[in-house]
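The structure file protein_20.tsv is reproduced below (TSV, C-alpha atoms and all ligand atoms).
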```
chain	number	residue	atom	x	y	z
A	799	MET	CA	-16.11	-25.24	51.29
A	800	PRO	CA	-15.84	-21.46	51.46
A	801	LEU	CA	-12.57	-21.78	49.49
A	802	ILE	CA	-14.29	-23.70	46.64
A	803	LEU	CA	-17.14	-21.20	46.59
A	804	GLY	CA	-14.57	-18.39	46.39
A	805	ALA	CA	-12.82	-19.99	43.41
A	806	ALA	CA	-16.15	-20.53	41.62
A	807	MET	CA	-17.09	-16.90	42.16
A	808	LEU	CA	-13.78	-15.83	40.74
A	809	THR	CA	-14.36	-17.73	37.49
A	810	VAL	CA	-17.68	-16.05	36.76
A	811	PRO	CA	-16.41	-12.64	35.65
A	812	ALA	CA	-13.70	-14.25	33.47
A	813	VAL	CA	-16.32	-16.34	31.66
A	814	ALA	CA	-18.53	-13.30	31.29
A	815	ILE	CA	-15.64	-11.32	29.76
A	816	ALA	CA	-14.82	-14.17	27.36
A	817	GLN	CA	-18.48	-14.32	26.30
A	818	ALA	CA	-18.61	-10.57	25.81
A	819	ARG	CA	-15.57	-10.85	23.52
A	820	LEU	CA	-17.18	-13.60	21.51
A	821	PHE	CA	-20.11	-11.34	20.80
A	822	ASP	CA	-18.13	-8.20	20.04
A	823	PRO	CA	-16.86	-8.54	16.47
A	824	GLU	CA	-15.06	-5.17	16.62
A	825	ALA	CA	-13.05	-6.18	19.70
A	826	ALA	CA	-12.25	-9.56	18.14
A	827	GLU	CA	-11.10	-7.85	14.96
A	828	ALA	CA	-8.93	-5.38	16.90
A	829	GLU	CA	-7.38	-8.26	18.83
A	830	ALA	CA	-6.66	-10.18	15.62
A	831	ARG	CA	-5.14	-7.03	14.10
A	832	ASP	CA	-2.87	-6.56	17.13
A	833	GLU	CA	-1.77	-10.18	16.92
A	834	ARG	CA	-0.98	-9.84	13.22
A	835	ALA	CA	0.98	-6.63	13.89
A	836	THR	CA	3.02	-8.33	16.63
A	837	HIS	CA	3.75	-11.25	14.30
A	838	THR	CA	4.69	-8.89	11.44
A	839	ARG	CA	7.03	-6.87	13.68
A	840	SER	CA	8.83	-9.97	14.89
A	841	THR	CA	9.20	-11.20	11.26
A	842	LEU	CA	10.62	-7.83	10.18
A	843	LEU	CA	13.12	-7.81	13.05
A	844	GLN	CA	14.17	-11.37	12.21
A	845	ILE	CA	14.87	-10.65	8.53
A	846	GLY	CA	16.89	-7.51	9.31
A	847	PHE	CA	14.60	-4.46	9.41
A	848	ALA	CA	14.57	-2.11	12.40
A	849	PRO	CA	11.96	0.55	13.29
A	850	ARG	CA	13.33	4.09	12.95
A	851	GLU	CA	10.62	6.75	13.21
A	852	HIS	CA	6.99	7.68	12.64
A	853	VAL	CA	5.80	9.88	9.78
A	854	GLY	CA	2.53	11.29	8.49
A	855	PRO	CA	-0.81	12.02	10.15
A	856	ASP	CA	-1.38	8.44	11.35
A	857	ASP	CA	2.13	7.80	12.67
A	858	THR	CA	3.06	5.46	9.83
A	859	GLU	CA	6.11	3.47	10.95
A	860	VAL	CA	9.32	3.75	8.93
A	861	TRP	CA	11.50	0.64	9.14
A	862	ILE	CA	15.01	0.55	7.66
A	863	ALA	CA	16.89	-2.51	6.37
A	864	GLY	CA	19.98	-2.81	8.59
A	865	ARG	CA	21.66	-5.49	6.48
A	866	ALA	CA	21.15	-7.60	3.34
A	867	ILE	CA	17.56	-8.88	3.27
A	868	THR	CA	16.07	-12.06	1.85
A	869	TRP	CA	12.36	-12.61	2.30
A	870	SER	CA	10.11	-15.23	0.79
A	871	LEU	CA	6.67	-13.75	0.01
A	872	PRO	CA	3.66	-15.41	-1.67
A	873	ASN	CA	4.40	-13.77	-5.06
A	874	GLY	CA	8.17	-14.20	-5.05
A	875	ASP	CA	11.50	-14.01	-3.31
A	876	ILE	CA	12.61	-10.57	-2.22
A	877	SER	CA	16.21	-9.47	-1.85
A	878	ALA	CA	17.48	-6.03	-0.85
A	879	ALA	CA	20.39	-4.25	0.78
A	880	ALA	CA	20.73	-1.73	3.59
A	881	PRO	CA	20.17	1.81	2.22
A	882	SER	CA	22.80	4.52	2.64
A	883	VAL	CA	22.30	7.07	5.41
A	884	ALA	CA	21.90	9.88	2.85
A	885	ASP	CA	19.30	8.02	0.74
A	886	THR	CA	17.41	6.96	3.87
A	887	ALA	CA	17.13	10.58	5.05
A	888	ARG	CA	16.14	11.82	1.57
A	889	ILE	CA	13.51	9.16	0.85
A	890	THR	CA	12.04	9.41	4.37
A	891	ALA	CA	11.62	13.17	3.87
A	892	VAL	CA	9.75	12.54	0.58
A	893	ILE	CA	7.50	9.93	2.25
A	894	GLN	CA	6.83	12.28	5.19
A	895	ARG	CA	5.97	15.20	2.86
A	896	GLU	CA	3.61	13.14	0.67
A	897	LEU	CA	1.82	11.30	3.49
A	898	ALA	CA	1.27	14.62	5.30
A	899	ARG	CA	-1.17	15.53	2.50
A	900	TYR	CA	-3.76	13.03	3.78
A	901	PRO	CA	-6.21	13.78	6.59
A	902	ALA	CA	-5.86	12.06	9.96
A	903	GLY	CA	-7.37	8.58	9.97
A	904	TYR	CA	-7.16	8.12	6.21
A	905	LEU	CA	-4.06	5.90	6.08
A	906	ALA	CA	-5.23	3.92	9.12
A	907	ARG	CA	-8.56	3.17	7.40
A	908	ALA	CA	-6.59	1.95	4.37
A	909	ASN	CA	-4.62	-0.36	6.73
A	910	MET	CA	-1.32	1.20	5.67
A	911	ALA	CA	0.81	0.93	8.80
A	912	ARG	CA	4.46	0.97	7.76
A	913	VAL	CA	7.01	1.73	5.05
A	914	LEU	CA	10.01	-0.57	4.68
A	915	VAL	CA	13.03	1.29	3.28
A	916	CYS	CA	15.83	-0.63	1.57
A	917	GLU	CA	18.10	-0.45	-1.48
A	918	HIS	CA	18.69	-2.65	-4.57
A	919	LEU	CA	15.19	-4.04	-4.10
A	920	ARG	CA	14.59	-7.13	-6.24
A	921	GLU	CA	11.76	-9.63	-6.67
A	922	ASN	CA	12.73	-13.00	-8.15
A	923	GLY	CA	16.03	-11.46	-9.25
A	924	ARG	CA	14.47	-8.48	-11.10
A	925	ASP	CA	14.82	-4.86	-9.96
A	926	ILE	CA	11.57	-3.36	-8.67
A	927	PRO	CA	11.02	0.15	-7.29
A	928	SER	CA	8.55	-0.87	-4.58
A	929	LEU	CA	6.06	-3.50	-3.44
A	930	PRO	CA	2.74	-2.91	-1.62
A	931	ASN	CA	0.32	-4.81	0.62
A	932	ILE	CA	2.74	-6.84	2.74
A	933	ASP	CA	0.90	-7.22	6.06
A	934	GLY	CA	0.10	-3.51	6.25
A	935	GLY	CA	3.52	-2.47	4.93
A	936	TRP	CA	5.22	-1.65	1.65
A	937	LEU	CA	8.79	-1.81	0.45
A	938	ILE	CA	10.50	1.07	-1.31
A	939	ASP	CA	13.96	1.36	-2.86
A	940	ALA	CA	15.70	4.38	-1.34
A	941	THR	CA	17.72	5.09	-4.51
A	942	LEU	CA	14.62	6.27	-6.45
A	943	SER	CA	14.60	9.93	-7.52
A	944	ASP	CA	12.52	12.29	-5.38
A	945	GLY	CA	9.93	12.75	-8.16
A	946	PHE	CA	9.45	9.05	-8.84
A	947	ALA	CA	9.39	8.23	-5.11
A	948	ALA	CA	6.61	10.80	-4.57
A	949	ARG	CA	4.53	9.15	-7.31
A	950	ILE	CA	5.25	5.72	-5.82
A	951	VAL	CA	3.96	6.83	-2.40
A	952	HIS	CA	0.52	7.64	-3.86
A	953	HIS	CA	0.55	4.68	-6.25
A	954	GLU	CA	1.21	2.18	-3.47
A	955	LEU	CA	-1.19	3.93	-1.08
A	956	TYR	CA	-3.93	3.50	-3.68
A	957	HIS	CA	-3.31	-0.27	-3.69
A	958	PHE	CA	-4.05	-0.22	0.07
A	959	ILE	CA	-7.19	1.89	-0.45
A	960	ASP	CA	-8.20	-0.51	-3.24
A	961	VAL	CA	-7.93	-3.60	-1.02
A	962	ALA	CA	-9.59	-1.86	1.94
A	963	ASP	CA	-12.70	-0.88	-0.05
A	964	ASP	CA	-13.82	-4.35	-1.17
A	965	GLY	CA	-11.09	-6.82	-0.23
A	966	THR	CA	-9.75	-7.37	-3.74
A	967	LEU	CA	-7.29	-5.91	-6.26
A	968	THR	CA	-8.04	-8.24	-9.12
A	969	SER	CA	-11.46	-7.26	-10.41
A	970	ASP	CA	-13.48	-4.06	-10.54
A	971	VAL	CA	-16.45	-4.29	-12.88
A	972	GLU	CA	-17.45	-0.60	-12.49
A	973	TRP	CA	-13.96	0.61	-13.38
A	974	GLU	CA	-13.50	-1.83	-16.24
A	975	ALA	CA	-16.77	-0.54	-17.76
A	976	LEU	CA	-15.09	2.88	-18.18
A	977	ASN	CA	-12.78	1.45	-20.86
A	978	ALA	CA	-13.56	0.96	-24.54
A	979	PRO	CA	-15.57	-2.28	-24.92
A	980	SER	CA	-12.81	-3.93	-26.96
A	981	PHE	CA	-10.13	-3.37	-24.31
A	982	SER	CA	-8.86	-5.97	-21.90
A	983	TYR	CA	-6.04	-5.56	-19.38
A	984	GLY	CA	-2.64	-7.23	-19.78
A	985	ALA	CA	-0.91	-9.84	-17.67
A	986	GLY	CA	-0.47	-7.73	-14.51
A	987	GLY	CA	2.09	-5.19	-13.29
A	988	ARG	CA	4.79	-7.84	-12.99
A	989	SER	CA	4.63	-8.36	-16.78
A	990	LEU	CA	5.86	-4.84	-17.58
A	991	ARG	CA	8.52	-3.66	-15.20
A	992	THR	CA	10.57	-1.25	-17.26
A	993	ALA	CA	11.35	2.41	-16.61
A	994	TRP	CA	9.53	3.59	-19.77
A	995	ALA	CA	6.29	1.86	-18.73
A	996	SER	CA	5.82	4.51	-16.03
A	997	GLU	CA	6.42	7.44	-18.40
A	998	ARG	CA	3.32	9.46	-19.07
A	999	THR	CA	1.95	8.41	-22.46
A	1000	ASP	CA	-0.53	9.82	-24.95
A	1001	THR	CA	-0.27	6.79	-27.20
A	1002	ALA	CA	-2.61	4.55	-25.19
A	1003	PRO	CA	-6.04	6.26	-25.30
A	1004	GLY	CA	-7.78	5.92	-21.93
A	1005	PHE	CA	-4.58	5.28	-19.96
A	1006	VAL	CA	-2.06	7.63	-18.35
A	1007	THR	CA	0.90	5.23	-18.70
A	1008	ALA	CA	1.65	1.93	-20.43
A	1009	TYR	CA	1.90	0.38	-16.97
A	1010	ALA	CA	-1.75	1.32	-16.38
A	1011	THR	CA	-2.80	-1.07	-19.19
A	1012	THR	CA	-1.35	-4.13	-17.40
A	1013	ALA	CA	-4.07	-4.55	-14.74
A	1014	VAL	CA	-7.15	-2.79	-13.42
A	1015	ALA	CA	-5.40	-2.19	-10.05
A	1016	GLU	CA	-2.39	-0.57	-11.79
A	1017	ASP	CA	-4.70	1.61	-13.90
A	1018	LYS	CA	-6.36	3.05	-10.78
A	1019	ALA	CA	-3.04	3.46	-8.93
A	1020	GLU	CA	-1.30	5.13	-11.89
A	1021	THR	CA	-4.20	7.57	-12.54
A	1022	PHE	CA	-4.42	8.42	-8.83
A	1023	ALA	CA	-0.63	8.93	-8.50
A	1024	LEU	CA	-0.54	11.26	-11.52
A	1025	TRP	CA	-3.48	13.21	-10.08
A	1026	MET	CA	-1.65	13.63	-6.75
A	1027	THR	CA	1.75	14.59	-8.22
A	1028	ARG	CA	1.17	16.20	-11.65
A	1029	PRO	CA	-2.39	17.55	-11.61
A	1030	ALA	CA	-1.80	20.05	-14.44
A	1031	GLU	CA	-0.60	17.30	-16.78
A	1032	LEU	CA	-3.56	15.14	-15.84
A	1033	ALA	CA	-5.98	18.03	-16.45
A	1034	GLN	CA	-4.49	18.47	-19.91
A	1035	ARG	CA	-4.93	14.79	-20.58
A	1036	VAL	CA	-8.53	14.85	-19.33
A	1037	SER	CA	-9.42	17.64	-21.74
A	1038	ALA	CA	-8.21	15.49	-24.65
A	1039	ASP	CA	-9.25	12.02	-23.51
A	1040	GLU	CA	-12.82	11.28	-22.50
A	1041	ILE	CA	-12.00	7.89	-20.92
A	1042	VAL	CA	-9.27	9.35	-18.68
A	1043	GLY	CA	-11.80	12.05	-17.74
A	1044	ARG	CA	-14.32	9.40	-16.69
A	1045	LYS	CA	-11.64	7.64	-14.64
A	1046	VAL	CA	-10.69	10.81	-12.77
A	1047	ASN	CA	-14.38	11.45	-12.02
A	1048	GLU	CA	-14.73	7.90	-10.74
A	1049	LEU	CA	-11.64	8.29	-8.50
A	1050	ARG	CA	-13.03	11.58	-7.18
A	1051	ARG	CA	-16.34	9.86	-6.39
A	1052	ARG	CA	-14.59	7.00	-4.59
A	1053	MET	CA	-12.26	9.26	-2.61
A	1054	SER	CA	-15.16	11.29	-1.29
A	1055	ARG	CA	-17.21	8.41	0.05
A	1101	ZN	ZN	1.15	-1.03	-8.51
```
Now that the file is in, can you turn its structure into structure tokens?
Ligand SMILES: [Zn+2]
Amino acid sequence: MPLILGAAMLTVPAVAIAQARLFDPEAAEAEARDERATHTRSTLLQIGFAPREHVGPDDTEVWIAGRAITWSLPNGDISAAAPSVADTARITAVIQRELARYPAGYLARANMARVLVCEHLRENGRDIPSLPNIDGGWLIDATLSDGFAARIVHHELYHFIDVADDGTLTSDVEWEALNAPSFSYGAGGRSLRTAWASERTDTAPGFVTAYATTAVAEDKAETFALWMTRPAELAQRVSADEIVGRKVNELRRRMSR
């Protein structure tokens, strides 16, 4: 009898802890996040990535492809190769330098946890420079030039910020209202993956690049990336283009909240 009583007493605190968890949404969310991170890490190890180092104010993980990668993601099949030692060191230095510009806690709030470095990055057989929002990580091709890679860091980070603020990348009524009433976005970033699309343009009023016209999410990311990497050029553009000016003001407002 005393033994049974002892066992019953032992179960009480466990039940109490389980109940406390049920009623603590923050703890439940943290637990779910940890589980997702564990699952993501094991997937990355399986497909051929290995963790290398931490960079930036929030210890963003840098993972490197150790061999040829194939990875089936919801939007397409990814293939990539292991980057060279020299490109890995160069691109990691660019990522470190650019992420260091953000205050502590900023990247964590945007749920940006890791960068996945590879080479010859392709989606459905087409070359791509990078790909964001993969379970808290983003892929980057280590052969990109330093200048383009720096822009990509901020561009992809903005996609994380964009998802973190309201859970979606696909619509943004407030932002869309900044455009001329007759304008509508194109068929998405995947519809215009050419090198010239990322060149700064003055021929599309209201947009900093042709790529920015493909989707509302790309418009925000392109404007933000230009602001972070070529502020003088953006200032020039703002003085000549009222819509771009409104977009920069809107980004400033959103970044400060
Ligand atoms: Zn993008």
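Nearest-residue note for ligand ZN 1101 (chain A): choosing from A:Glu1040, A:Glu1020, A:Glu859, A:Glu974, the minimum distance belongs to A:Glu1020, counting all atoms listed in the file.
In this comparison, which uses only C-alpha atoms, the residue of A:Pro901, A:Gly984, A:Gly934, A:Gly846 approaching A:Ser877 most closely is A:Gly846.
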- prompt: If you count all atoms listed in the file, which residues fall within 7 Å of stretch 904-910 of chain A, apart from same-chain ones fewer than 6 positions away, as a count of residues only?
  reply: 6
Give one line per residue of chain A that approaches ligand ZN 1101 (chain A) to at most 9 Å, naming the two atoms of the closest pair and their distance in Å to one decimal, counting all atoms listed in the file; sort by chain then ascending residue number and deliver it as JSON lines.
```
{"residue": "A:Ser928", "atom": "CA", "partner": "A:ZN1101", "partner_atom": "ZN", "distance": 8.4}
{"residue": "A:Leu929", "atom": "CA", "partner": "A:ZN1101", "partner_atom": "ZN", "distance": 7.5}
{"residue": "A:Pro930", "atom": "CA", "partner": "A:ZN1101", "partner_atom": "ZN", "distance": 7.3}
{"residue": "A:Ile950", "atom": "CA", "partner": "A:ZN1101", "partner_atom": "ZN", "distance": 8.3}
{"residue": "A:His953", "atom": "CA", "partner": "A:ZN1101", "partner_atom": "ZN", "distance": 6.2}
{"residue": "A:Glu954", "atom": "CA", "partner": "A:ZN1101", "partner_atom": "ZN", "distance": 6.0}
{"residue": "A:Tyr956", "atom": "CA", "partner": "A:ZN1101", "partner_atom": "ZN", "distance": 8.3}
{"residue": "A:His957", "atom": "CA", "partner": "A:ZN1101", "partner_atom": "ZN", "distance": 6.6}
{"residue": "A:Gly987", "atom": "CA", "partner": "A:ZN1101", "partner_atom": "ZN", "distance": 6.4}
{"residue": "A:Arg988", "atom": "CA", "partner": "A:ZN1101", "partner_atom": "ZN", "distance": 8.9}
{"residue": "A:Tyr1009", "atom": "CA", "partner": "A:ZN1101", "partner_atom": "ZN", "distance": 8.6}
{"residue": "A:Ala1010", "atom": "CA", "partner": "A:ZN1101", "partner_atom": "ZN", "distance": 8.7}
{"residue": "A:Ala1013", "atom": "CA", "partner": "A:ZN1101", "partner_atom": "ZN", "distance": 8.9}
{"residue": "A:Ala1015", "atom": "CA", "partner": "A:ZN1101", "partner_atom": "ZN", "distance": 6.8}
{"residue": "A:Glu1016", "atom": "CA", "partner": "A:ZN1101", "partner_atom": "ZN", "distance": 4.8}
{"residue": "A:Asp1017", "atom": "CA", "partner": "A:ZN1101", "partner_atom": "ZN", "distance": 8.4}
{"residue": "A:Lys1018", "atom": "CA", "partner": "A:ZN1101", "partner_atom": "ZN", "distance": 8.8}
{"residue": "A:Ala1019", "atom": "CA", "partner": "A:ZN1101", "partner_atom": "ZN", "distance": 6.2}
{"residue": "A:Glu1020", "atom": "CA", "partner": "A:ZN1101", "partner_atom": "ZN", "distance": 7.4}
```
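Comparing A:Glu917, A:Glu851, A:Asp1039, A:Asp857 by their smallest distance to A:Pro881, the closest is A:Glu917 (using all atoms listed in the file).
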task: Calculate how many Å separate atom CA of A:Ala835 from atom CA of A:Arg850, rounding to one decimal.
output: 16.4 Å
- prompt: What is the distance, in Å and to one decimal place, between atom CA of A:Ile876 and atom CA of A:Ile889?
  reply: 20.0 Å
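Going from atom CA of A:Tyr983 to atom CA of A:Arg1044 covers 17.3 Å.
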List the neighbours of A:Ala887 out to 12 Å using all atoms listed in the file; skip same-chain residues closer than 2 positions along the sequence, and give me the result as a CSV table (one decimal) with C-alpha atoms, keeping the file's coordinate frame.
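Result went into selection.csv, see below:
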```csv
chain,number,residue,atom,x,y,z
A,850,ARG,CA,13.3,4.1,13.0
A,851,GLU,CA,10.6,6.8,13.2
A,860,VAL,CA,9.3,3.8,8.9
A,862,ILE,CA,15.0,0.6,7.7
A,881,PRO,CA,20.2,1.8,2.2
A,882,SER,CA,22.8,4.5,2.6
A,883,VAL,CA,22.3,7.1,5.4
A,884,ALA,CA,21.9,9.9,2.8
A,885,ASP,CA,19.3,8.0,0.7
A,889,ILE,CA,13.5,9.2,0.8
A,890,THR,CA,12.0,9.4,4.4
A,891,ALA,CA,11.6,13.2,3.9
A,892,VAL,CA,9.8,12.5,0.6
A,893,ILE,CA,7.5,9.9,2.2
A,894,GLN,CA,6.8,12.3,5.2
A,915,VAL,CA,13.0,1.3,3.3
A,916,CYS,CA,15.8,-0.6,1.6
A,940,ALA,CA,15.7,4.4,-1.3
A,941,THR,CA,17.7,5.1,-4.5
A,944,ASP,CA,12.5,12.3,-5.4
```
message: For a quick check of understanding, using all atoms listed in the file, which of A:Thr886, A:Thr1027, A:Asn922, A:Thr858 has the smallest distance to A:Ala898?
response: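 Distance minimum relative to A:Ala898 lands on A:Thr858.
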Using all atoms of stretch 1014-1032 of chain A that appear in the file, construct an axis-aligned enclosing box with 6 Å of padding on every side and provide its centre coordinates and edge lengths in Å, rounded to one decimal, as lines of an AutoDock Vina configuration file.
```
center_x = -2.7
center_y = 8.6
center_z = -11.8
size_x = 20.9
size_y = 34.8
size_z = 22.0
```
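Here the selection is built from all atoms listed in the file, and the residues within 10 Å of (15.0, -5.6, -4.0) turn out to be Ala866, Ile867, Thr868, Trp869, Asp875, Ile876, Ser877, Ala878, Ala879, Cys916, Glu917, His918, Leu919, Arg920, Glu921, Asn922, Gly923, Arg924, Asp925, Ile926, Pro927, Ser928, Leu929, Leu937, Ile938 and Asp939 of chain A.
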message: With distances taken over all atoms listed in the file, which residue among A:Thr1011, A:Thr838, A:Ser969, A:Ser1054 lies nearest A:Ala985?
response: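 Comparing A:Thr1011, A:Thr838, A:Ser969, A:Ser1054 against A:Ala985, the winner is A:Thr1011.
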message: as a list in words, please: the residues near A:Leu843 (cut-off 12 Å, only C-alpha atoms, same-chain neighbours under 2 positions excluded).
response: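 Residues near the query, excluding close chain neighbours: Thr836, His837, Thr838, Arg839, Ser840, Thr841, Ile845, Gly846, Phe847, Ala848, Pro849, Arg850, Trp861, Ile862, Ala863, Gly864, Arg865, Ile867, Trp869 and Leu914 of chain A.
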Using the atoms already present, construct N, CA and C atoms for stretch 945-956 of chain A and hand them back as a compact mmCIF listing (two decimals), in the coordinates of the input.
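File selection.txt, as written:
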```txt
# COMPACT_ATOMS: atom_id res chain seq x y z
N GLY A 945 11.19 12.66 -7.40
CA GLY A 945 9.93 12.75 -8.16
C GLY A 945 9.25 11.40 -8.30
N PHE A 946 10.03 10.38 -8.65
CA PHE A 946 9.45 9.05 -8.84
C PHE A 946 8.98 8.49 -7.49
N ALA A 947 9.77 8.73 -6.44
CA ALA A 947 9.39 8.23 -5.11
C ALA A 947 8.06 8.85 -4.66
N ALA A 948 7.87 10.13 -4.95
CA ALA A 948 6.61 10.80 -4.57
C ALA A 948 5.43 10.13 -5.27
N ARG A 949 5.61 9.84 -6.58
CA ARG A 949 4.53 9.15 -7.31
C ARG A 949 4.27 7.78 -6.73
N ILE A 950 5.38 7.08 -6.38
CA ILE A 950 5.25 5.72 -5.82
C ILE A 950 4.45 5.74 -4.51
N VAL A 951 4.68 6.75 -3.67
CA VAL A 951 3.96 6.83 -2.40
C VAL A 951 2.45 6.77 -2.66
N HIS A 952 1.97 7.58 -3.60
CA HIS A 952 0.52 7.64 -3.86
C HIS A 952 0.04 6.39 -4.61
N HIS A 953 0.90 5.90 -5.51
CA HIS A 953 0.55 4.68 -6.25
C HIS A 953 0.35 3.52 -5.28
N GLU A 954 1.31 3.31 -4.40
CA GLU A 954 1.21 2.18 -3.47
C GLU A 954 0.08 2.41 -2.46
N LEU A 955 -0.08 3.65 -2.01
CA LEU A 955 -1.19 3.93 -1.08
C LEU A 955 -2.52 3.55 -1.73
N TYR A 956 -2.65 3.83 -3.05
CA TYR A 956 -3.93 3.50 -3.68
C TYR A 956 -4.19 1.98 -3.67
```
